[in-house]
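*Asks:* Sharing input-v5.csv, CSV, C-alpha atoms and all ligand atoms:
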```
chain,number,residue,atom,x,y,z
A,116,THR,CA,-132.4,-138.6,31.7
A,117,ARG,CA,-135.1,-136.9,29.8
A,118,LEU,CA,-137.1,-134.2,31.7
A,119,VAL,CA,-140.4,-132.6,30.9
A,120,VAL,CA,-140.9,-129.4,33.0
A,121,LEU,CA,-144.4,-128.0,33.7
A,122,ILE,CA,-144.8,-124.3,34.5
A,123,SER,CA,-147.3,-121.6,34.8
A,124,GLY,CA,-145.2,-118.5,35.5
A,125,GLY,CA,-141.8,-117.0,35.8
A,126,GLY,CA,-139.8,-120.2,35.6
A,127,SER,CA,-136.9,-119.2,37.8
A,128,ASN,CA,-136.7,-122.8,39.0
A,129,LEU,CA,-136.9,-124.0,35.4
A,130,GLN,CA,-133.9,-121.6,34.7
A,131,ALA,CA,-131.9,-123.1,37.6
A,132,ILE,CA,-132.5,-126.6,36.1
A,133,ILE,CA,-131.6,-125.4,32.6
A,134,ASP,CA,-128.4,-123.9,33.9
A,135,ALA,CA,-127.5,-127.1,35.8
A,136,CYS,CA,-128.1,-129.2,32.6
A,137,GLU,CA,-126.1,-126.8,30.5
A,138,SER,CA,-123.2,-126.8,32.9
A,139,GLY,CA,-123.1,-130.6,33.1
A,140,GLU,CA,-124.0,-130.5,36.8
A,141,ILE,CA,-127.1,-132.6,35.9
A,142,ASN,CA,-126.7,-135.4,33.4
A,143,ALA,CA,-130.1,-134.7,31.8
A,144,GLN,CA,-131.8,-132.9,28.9
A,145,ILE,CA,-135.1,-131.0,29.1
A,146,ALA,CA,-137.1,-132.4,26.3
A,147,ALA,CA,-139.9,-129.9,26.6
A,148,VAL,CA,-141.4,-127.2,28.8
A,149,ILE,CA,-145.2,-127.2,29.0
A,150,SER,CA,-147.3,-124.3,30.3
A,151,ASN,CA,-151.0,-123.8,30.9
A,152,LYS,CA,-150.5,-120.1,30.4
A,153,ALA,CA,-149.4,-118.6,27.1
A,154,ASP,CA,-147.8,-115.6,28.7
A,155,ALA,CA,-145.6,-117.5,31.2
A,156,TYR,CA,-142.2,-115.9,31.1
A,157,GLY,CA,-140.7,-119.4,31.6
A,158,LEU,CA,-141.6,-120.2,28.0
A,159,GLU,CA,-139.1,-117.4,26.9
A,160,ARG,CA,-136.5,-119.0,29.1
A,161,ALA,CA,-137.1,-122.3,27.4
A,162,LYS,CA,-137.0,-120.8,23.9
A,163,GLN,CA,-133.7,-119.0,24.7
A,164,ALA,CA,-132.2,-122.3,25.7
A,165,GLY,CA,-133.5,-124.0,22.5
A,166,ILE,CA,-136.0,-126.2,24.3
A,167,ALA,CA,-139.3,-127.2,22.8
A,168,THR,CA,-142.3,-125.5,24.3
A,169,GLN,CA,-146.0,-126.3,24.3
A,170,VAL,CA,-149.0,-124.3,25.7
A,171,LEU,CA,-152.0,-126.2,26.8
A,172,SER,CA,-154.6,-123.7,28.2
A,173,HIS,CA,-157.0,-125.0,30.7
A,174,LYS,CA,-159.5,-122.5,29.4
A,175,ASP,CA,-159.9,-124.7,26.3
A,176,PHE,CA,-161.3,-127.7,28.3
A,177,ASP,CA,-164.5,-128.4,30.0
A,178,SER,CA,-163.2,-130.6,32.7
A,179,ARG,CA,-160.0,-131.3,34.7
A,180,GLU,CA,-160.2,-134.9,33.3
A,181,ALA,CA,-160.2,-133.7,29.7
A,182,TYR,CA,-157.4,-131.3,30.3
A,183,ASP,CA,-155.2,-133.9,32.1
A,184,THR,CA,-155.9,-136.5,29.4
A,185,GLN,CA,-154.5,-134.1,26.8
A,186,LEU,CA,-151.7,-133.1,29.1
A,187,MET,CA,-150.6,-136.7,29.5
A,188,SER,CA,-150.6,-137.3,25.8
A,189,ILE,CA,-148.3,-134.2,25.3
A,190,ILE,CA,-146.0,-135.2,28.1
A,191,ASP,CA,-145.7,-138.8,26.8
A,192,SER,CA,-145.0,-137.5,23.3
A,193,PHE,CA,-141.6,-136.4,24.7
A,194,ILE,CA,-140.9,-139.8,26.4
A,195,PRO,CA,-139.6,-138.4,29.7
A,196,ASN,CA,-138.1,-140.3,32.5
A,197,LEU,CA,-139.1,-137.6,35.0
A,198,VAL,CA,-141.8,-134.9,35.1
A,199,VAL,CA,-140.8,-131.8,37.0
A,200,LEU,CA,-143.5,-129.4,38.3
A,201,ALA,CA,-141.9,-126.0,38.6
A,202,GLY,CA,-144.6,-123.6,39.6
A,203,PHE,CA,-147.3,-125.4,37.7
A,204,MET,CA,-150.4,-124.0,39.4
A,205,ARG,CA,-152.9,-126.7,38.6
A,206,ILE,CA,-154.4,-129.4,40.8
A,207,LEU,CA,-153.8,-132.8,39.1
A,208,THR,CA,-156.3,-135.6,38.6
A,209,PRO,CA,-155.6,-138.9,40.3
A,210,ASN,CA,-155.2,-140.5,36.8
A,211,LEU,CA,-152.4,-138.2,35.9
A,212,VAL,CA,-150.7,-138.6,39.3
A,213,GLN,CA,-150.9,-142.4,39.2
A,214,LYS,CA,-149.4,-142.4,35.7
A,215,TYR,CA,-146.2,-140.7,36.9
A,216,ILE,CA,-146.1,-141.9,40.4
A,217,GLY,CA,-142.5,-142.0,41.6
A,218,LYS,CA,-141.5,-140.1,38.5
A,219,MET,CA,-142.9,-136.7,39.2
A,220,LEU,CA,-141.5,-134.0,41.5
A,221,ASN,CA,-142.9,-130.8,42.9
A,222,ILE,CA,-141.4,-127.9,44.8
A,223,HIS,CA,-143.5,-126.2,47.4
A,224,PRO,CA,-142.5,-123.1,49.3
A,225,SER,CA,-142.9,-124.2,52.9
A,226,LEU,CA,-141.5,-126.7,55.3
A,227,LEU,CA,-144.0,-129.4,54.6
A,228,PRO,CA,-146.1,-130.7,56.2
A,229,LYS,CA,-146.6,-127.1,57.3
A,230,TYR,CA,-148.6,-124.8,54.9
A,231,GLN,CA,-149.8,-126.9,52.1
A,232,GLY,CA,-151.6,-124.8,49.5
A,233,LEU,CA,-151.2,-121.1,48.7
A,234,ASN,CA,-149.8,-118.0,50.4
A,235,THR,CA,-147.3,-119.9,52.4
A,236,HIS,CA,-144.9,-117.0,53.1
A,237,GLN,CA,-147.7,-114.8,54.5
A,238,ARG,CA,-148.9,-117.7,56.6
A,239,ALA,CA,-145.5,-118.3,58.1
A,240,ILE,CA,-145.2,-114.6,59.0
A,241,ASP,CA,-148.7,-114.5,60.5
A,242,ALA,CA,-147.9,-117.5,62.6
A,243,ASN,CA,-144.8,-115.8,63.9
A,244,ASP,CA,-142.6,-118.6,62.7
A,245,ASP,CA,-138.9,-117.9,63.0
A,246,VAL,CA,-138.0,-120.5,60.5
A,247,HIS,CA,-139.5,-121.0,57.1
A,248,GLY,CA,-138.4,-122.8,53.9
A,249,VAL,CA,-139.0,-124.9,50.9
A,250,SER,CA,-139.6,-128.6,50.2
A,251,VAL,CA,-139.0,-130.8,47.1
A,252,HIS,CA,-141.3,-133.9,47.2
A,253,PHE,CA,-142.6,-136.7,45.1
A,254,VAL,CA,-146.1,-136.0,43.8
A,255,THR,CA,-149.0,-138.1,45.2
A,256,GLU,CA,-152.7,-137.6,45.1
A,257,GLU,CA,-152.6,-135.5,48.3
A,258,LEU,CA,-152.0,-131.9,47.3
A,259,ASP,CA,-148.5,-130.9,48.5
A,260,GLY,CA,-148.6,-134.1,50.5
A,261,GLY,CA,-146.2,-136.6,48.9
A,262,PRO,CA,-143.0,-137.9,50.4
A,263,VAL,CA,-140.5,-135.1,51.1
A,264,ILE,CA,-137.1,-135.5,49.5
A,265,LEU,CA,-135.2,-132.4,50.6
A,266,GLN,CA,-135.9,-129.2,52.4
A,267,ALA,CA,-134.0,-126.0,52.9
A,268,LYS,CA,-134.7,-123.6,55.9
A,269,VAL,CA,-134.4,-119.9,56.0
A,270,PRO,CA,-134.8,-117.5,58.9
A,271,VAL,CA,-137.9,-115.3,59.1
A,272,LEU,CA,-136.6,-111.8,59.9
A,273,LYS,CA,-138.4,-109.2,62.0
A,274,ASP,CA,-139.3,-106.8,59.2
A,275,ASP,CA,-140.0,-109.5,56.6
A,276,THR,CA,-142.9,-109.1,54.2
A,277,ALA,CA,-144.2,-112.0,52.1
A,278,ASP,CA,-142.1,-110.6,49.3
A,279,THR,CA,-138.8,-110.4,51.1
A,280,LEU,CA,-139.3,-113.8,52.6
A,281,ALA,CA,-140.3,-115.3,49.3
A,282,LYS,CA,-137.1,-113.9,47.8
A,283,ARG,CA,-135.0,-115.6,50.5
A,284,VAL,CA,-136.9,-118.9,49.9
A,285,HIS,CA,-136.5,-118.7,46.2
A,286,GLU,CA,-132.7,-118.5,46.5
A,287,GLN,CA,-132.8,-121.9,48.3
A,288,GLU,CA,-135.3,-123.3,45.7
A,289,HIS,CA,-132.8,-122.7,43.0
A,290,ILE,CA,-130.2,-124.7,44.9
A,291,ILE,CA,-132.2,-127.7,46.1
A,292,TYR,CA,-134.4,-128.4,43.0
A,293,PRO,CA,-131.5,-129.0,40.7
A,294,LEU,CA,-129.8,-131.1,43.3
A,295,VAL,CA,-132.8,-133.4,43.7
A,296,VAL,CA,-133.1,-133.7,39.9
A,297,LYS,CA,-129.4,-134.6,39.8
A,298,TRP,CA,-130.0,-137.4,42.3
A,299,PHE,CA,-132.9,-138.7,40.3
A,300,SER,CA,-130.9,-138.6,37.1
A,301,GLU,CA,-128.2,-140.6,38.8
A,302,HIS,CA,-130.8,-143.3,39.7
A,303,ARG,CA,-130.2,-142.7,43.4
A,304,LEU,CA,-133.6,-141.4,44.3
A,305,THR,CA,-136.7,-143.6,44.6
A,306,MET,CA,-140.2,-143.4,46.1
A,307,GLU,CA,-141.0,-146.3,48.3
A,308,ALA,CA,-144.6,-146.7,49.5
A,309,ASP,CA,-144.9,-143.3,51.2
A,310,TYR,CA,-141.3,-142.1,51.7
A,311,ALA,CA,-138.4,-141.1,49.6
A,312,VAL,CA,-135.1,-142.9,49.6
A,313,LEU,CA,-131.7,-141.5,48.6
A,314,ASP,CA,-129.2,-144.2,47.9
A,315,GLU,CA,-125.8,-143.1,49.3
A,316,THR,CA,-124.0,-146.1,48.0
A,317,LYS,CA,-124.2,-144.9,44.4
A,318,LEU,CA,-121.7,-142.1,44.4
B,401,LIG,C1,-142.0,-121.3,43.5
B,401,LIG,O1,-142.2,-120.5,44.7
B,401,LIG,C2,-142.3,-122.7,43.9
B,401,LIG,O2,-142.0,-123.1,45.1
B,401,LIG,C3,-143.8,-122.7,43.7
B,401,LIG,O3,-144.1,-121.9,42.6
B,401,LIG,C4,-143.1,-120.9,42.5
B,401,LIG,C5,-142.5,-121.0,41.1
B,401,LIG,O4,-141.6,-120.0,40.9
B,401,LIG,N1,-144.3,-124.1,43.5
B,401,LIG,P1,-140.8,-119.9,39.5
B,401,LIG,O5,-141.9,-119.9,38.4
B,401,LIG,O6,-139.9,-121.2,39.4
B,401,LIG,O7,-140.0,-118.7,39.5
```
Translate the structure of the given file into structure tokens.
Ligand code: GRF

*Replies:*
Amino acid sequence: TRLVVLISGGGSNLQAIIDACESGEINAQIAAVISNKADAYGLERAKQAGIATQVLSHKDFDSREAYDTQLMSIIDSFIPNLVVLAGFMRILTPNLVQKYIGKMLNIHPSLLPKYQGLNTHQRAIDANDDVHGVSVHFVTEELDGGPVILQAKVPVLKDDTADTLAKRVHEQEHIIYPLVVKWFSEHRLTMEADYAVLDETKL
């Protein structure tokens, strides 16, 4: 399975997937890492792993449509089977979403459908939730709204700040994202209409 990973920042989820590919846990190769930010640390992680990188700055484009058209052409040049959004902080146009429907994953730091959008950790604290977590889902046109594949829960502790809670969630991200990519690469994971299916007969 050929992966293209899209990032905007630190790339700790990218690193977890790189590690899982290198160890053989996932039978896949990352063909390229694409960032909309030239200073994303995840680009360094990719280079250190010998993975091709590309920067496509949104600042060089007048419209979302023009940006996404170029982005699709870069993605396609690497002929991926799966597009992995790992902290890619851009809203995608319907054209792009439709092109990779059922073949694009995102990780979102909340127990969806709770807390779509930003500042999820602070929102969980403010709501006095005692459980918070992270979701991996297929990408559809609704922002953070596609079919959920796997979630991990963490406790919200009394003295948590957004930072301490985020750190606890991140540890789970690094476990569940490689696992979902592994399922996809084993052809066990599909998106049907508006839900995700894991085939447990293919082991
Ligand atoms: C993660 O919190 C992820 O859930 C969200 O963006 C963040 C990316 O972190 N979508 P990293 O760049 O993988 O470290």

*Asks:* If you measure from CA of Gln237 in chain A to atom O6 of ligand LIG 401 (chain B), what distance in Å do you get, rounded to one decimal?

*Replies:*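 Taking CA of Gln237 in chain A as the start and atom O6 of ligand LIG 401 (chain B) as the end point, the length is 18.2 Å.
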
*Asks:* Just the residues within 8 Å of Ile216 in chain A, please, counting all atoms listed in the file, with nothing from its chain fewer than 4 positions along; format it as a count of residues only.

*Replies:* 4

*Asks:* Can you work out which one of A:Gly248, A:Gly165, A:Gly139, A:Pro262 has the shortest atom-to-atom distance to ligand LIG 401 (chain B), counting all atoms listed in the file?

*Replies:* A:Gly248

*Asks:* Show me, as a tab-separated table, the residues of chain A having an atom within 7 Å of ligand LIG 401 (chain B), each with the closest atom pair and its distance in Å, using all atoms listed in the file.

*Replies:*
```
residue	atom	partner	partner_atom	distance
A:Ile122	CA	B:LIG401	O5	6.6
A:Ser123	CA	B:LIG401	O5	6.7
A:Gly124	CA	B:LIG401	O5	4.6
A:Gly125	CA	B:LIG401	O5	3.9
A:Gly126	CA	B:LIG401	O5	3.5
A:Ser127	CA	B:LIG401	O7	3.6
A:Asn128	CA	B:LIG401	O6	3.6
A:Leu129	CA	B:LIG401	O6	5.7
A:Gly157	CA	B:LIG401	O5	6.9
A:Ala201	CA	B:LIG401	O6	5.3
A:Gly202	CA	B:LIG401	O3	3.5
A:Phe203	CA	B:LIG401	N1	6.7
A:Asn221	CA	B:LIG401	N1	6.9
A:Ile222	CA	B:LIG401	O2	4.8
A:His223	CA	B:LIG401	O2	4.1
A:Pro224	CA	B:LIG401	O2	4.2
A:Val249	CA	B:LIG401	O2	6.8
A:His285	CA	B:LIG401	O1	6.2
A:Glu288	CA	B:LIG401	O2	6.7
```

*Asks:* From the options A:Ala311, A:Ala155, A:Val296, A:Val246, which residue's atoms come nearest to Thr116 in chain A, counting all atoms listed in the file?

*Replies:* A:Val296

*Asks:* From the set A:Cys136, A:Leu233, A:Ala161, A:Ile291, which residue has the shortest atom-to-atom contact distance to Arg205 in chain A, counting only C-alpha atoms?

*Replies:*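 Smallest separation from Arg205 in chain A among the options: A:Leu233.
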
*Asks:* Go through A:Ile290, A:Leu304, A:Ala143, A:Leu313 one by one, measure the shortest atom-to-atom distance of each to Gly217 in chain A using only C-alpha atoms, and give the residue with the smallest value.

*Replies:* A:Leu304

*Asks:* Could you check which of A:Val312, A:Ser188, A:Val284, A:Ser300 is closest to Leu265 in chain A, using all atoms listed in the file?

*Replies:*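 Among A:Val312, A:Ser188, A:Val284, A:Ser300, it is A:Val312 that comes nearest to Leu265 in chain A.
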
*Asks:* One decimal, in Å: what's the spacing between CA of Lys152 in chain A and CA of Arg238 in chain A?

*Replies:*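 Calculated distance between CA of Lys152 in chain A and CA of Arg238 in chain A is 26.4 Å.
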
*Asks:* Could you please give me, as an MDAnalysis selection string, the residues of protein, DNA or RNA lying at most 9 Å from (-144.5, -134.9, 25.5) in the coordinate frame of the file, considering all atoms listed in the file?

*Replies:* chainID A and resid 119 146:149 169 186:195

*Asks:* Which residue, A:Asn243, A:Ser250, A:Gln185, A:Asn210, has the smallest gap to Lys273 in chain A when you use all atoms listed in the file?

*Replies:*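 Closest to Lys273 in chain A of all the choices is A:Asn243.
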
*Asks:* Can you tell me how far CA of Glu140 in chain A sits from CA of Tyr292 in chain A, in Å to one decimal?

*Replies:*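 So the answer is 12.3 Å.
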
*Asks:* Find the residues near Ile145 in chain A: any atom within 7 Å, counting all atoms listed in the file, skip ones fewer than 6 places away on the same chain, and give them as a ChimeraX atom specification.

*Replies:* /A:117-119,166

*Asks:* Export, as an mmCIF file, in the coordinates of the input, the selected residues with C-alpha atoms.

*Replies:*
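Saved to again_9.cif:
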```
data_model
loop_
_atom_site.group_PDB
_atom_site.id
_atom_site.type_symbol
_atom_site.label_atom_id
_atom_site.label_comp_id
_atom_site.auth_asym_id
_atom_site.auth_seq_id
_atom_site.Cartn_x
_atom_site.Cartn_y
_atom_site.Cartn_z
ATOM 1 C CA ARG A 117 -135.100 -136.900 29.800
ATOM 2 C CA LEU A 118 -137.100 -134.200 31.700
ATOM 3 C CA VAL A 119 -140.400 -132.600 30.900
ATOM 4 C CA ILE A 166 -136.000 -126.200 24.300
#
```

*Asks:* Hey, could you patch up range 204-226 of chain A with N, CA and C atoms and hand it over as an mmCIF file, in the coordinates of the input?

*Replies:*
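This went into rebuild_22.cif:
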```cif
data_model
loop_
_atom_site.group_PDB
_atom_site.id
_atom_site.type_symbol
_atom_site.label_atom_id
_atom_site.label_comp_id
_atom_site.auth_asym_id
_atom_site.auth_seq_id
_atom_site.Cartn_x
_atom_site.Cartn_y
_atom_site.Cartn_z
ATOM 1 N N MET A 204 -149.374 -124.304 38.387
ATOM 2 C CA MET A 204 -150.400 -124.000 39.400
ATOM 3 C C MET A 204 -151.747 -124.644 39.014
ATOM 4 N N ARG A 205 -151.702 -125.966 38.930
ATOM 5 C CA ARG A 205 -152.900 -126.700 38.600
ATOM 6 C C ARG A 205 -152.994 -127.912 39.580
ATOM 7 N N ILE A 206 -154.207 -128.215 39.997
ATOM 8 C CA ILE A 206 -154.400 -129.400 40.800
ATOM 9 C C ILE A 206 -154.546 -130.579 39.752
ATOM 10 N N LEU A 207 -153.828 -131.669 40.011
ATOM 11 C CA LEU A 207 -153.800 -132.800 39.100
ATOM 12 C C LEU A 207 -154.787 -133.844 39.400
ATOM 13 N N THR A 208 -155.335 -134.470 38.360
ATOM 14 C CA THR A 208 -156.300 -135.600 38.600
ATOM 15 C C THR A 208 -155.551 -136.820 39.061
ATOM 16 N N PRO A 209 -156.251 -137.681 39.803
ATOM 17 C CA PRO A 209 -155.600 -138.900 40.300
ATOM 18 C C PRO A 209 -155.050 -139.759 39.124
ATOM 19 N N ASN A 210 -155.726 -139.784 37.977
ATOM 20 C CA ASN A 210 -155.200 -140.500 36.800
ATOM 21 C C ASN A 210 -153.827 -140.084 36.424
ATOM 22 N N LEU A 211 -153.654 -138.774 36.335
ATOM 23 C CA LEU A 211 -152.400 -138.200 35.900
ATOM 24 C C LEU A 211 -151.307 -138.542 36.998
ATOM 25 N N VAL A 212 -151.671 -138.315 38.251
ATOM 26 C CA VAL A 212 -150.700 -138.600 39.300
ATOM 27 C C VAL A 212 -150.269 -140.031 39.317
ATOM 28 N N GLN A 213 -151.230 -140.942 39.170
ATOM 29 C CA GLN A 213 -150.900 -142.400 39.200
ATOM 30 C C GLN A 213 -149.982 -142.740 38.022
ATOM 31 N N LYS A 214 -150.210 -142.098 36.889
ATOM 32 C CA LYS A 214 -149.400 -142.400 35.700
ATOM 33 C C LYS A 214 -147.931 -142.149 35.923
ATOM 34 N N TYR A 215 -147.621 -141.091 36.672
ATOM 35 C CA TYR A 215 -146.200 -140.700 36.900
ATOM 36 C C TYR A 215 -145.753 -140.888 38.294
ATOM 37 N N ILE A 216 -146.410 -141.783 39.007
ATOM 38 C CA ILE A 216 -146.100 -141.900 40.400
ATOM 39 C C ILE A 216 -144.603 -142.397 40.562
ATOM 40 N N GLY A 217 -143.897 -141.724 41.439
ATOM 41 C CA GLY A 217 -142.500 -142.000 41.600
ATOM 42 C C GLY A 217 -141.595 -141.395 40.559
ATOM 43 N N LYS A 218 -142.239 -140.718 39.581
ATOM 44 C CA LYS A 218 -141.500 -140.100 38.500
ATOM 45 C C LYS A 218 -141.899 -138.651 38.281
ATOM 46 N N MET A 219 -142.489 -138.081 39.313
ATOM 47 C CA MET A 219 -142.900 -136.700 39.200
ATOM 48 C C MET A 219 -142.585 -135.956 40.505
ATOM 49 N N LEU A 220 -141.917 -134.813 40.337
ATOM 50 C CA LEU A 220 -141.500 -134.000 41.500
ATOM 51 C C LEU A 220 -142.196 -132.679 41.500
ATOM 52 N N ASN A 221 -142.330 -132.131 42.715
ATOM 53 C CA ASN A 221 -142.900 -130.800 42.900
ATOM 54 C C ASN A 221 -142.013 -130.024 43.878
ATOM 55 N N ILE A 222 -142.018 -128.711 43.757
ATOM 56 C CA ILE A 222 -141.400 -127.900 44.800
ATOM 57 C C ILE A 222 -142.436 -127.008 45.397
ATOM 58 N N HIS A 223 -142.431 -126.991 46.729
ATOM 59 C CA HIS A 223 -143.500 -126.200 47.400
ATOM 60 C C HIS A 223 -142.808 -125.326 48.478
ATOM 61 N N PRO A 224 -143.195 -124.040 48.471
ATOM 62 C CA PRO A 224 -142.500 -123.100 49.300
ATOM 63 C C PRO A 224 -142.914 -123.052 50.762
ATOM 64 N N SER A 225 -142.738 -124.174 51.444
ATOM 65 C CA SER A 225 -142.900 -124.200 52.900
ATOM 66 C C SER A 225 -142.170 -125.433 53.410
ATOM 67 N N LEU A 226 -142.031 -125.497 54.717
ATOM 68 C CA LEU A 226 -141.500 -126.700 55.300
ATOM 69 C C LEU A 226 -142.586 -127.676 55.549
#
```
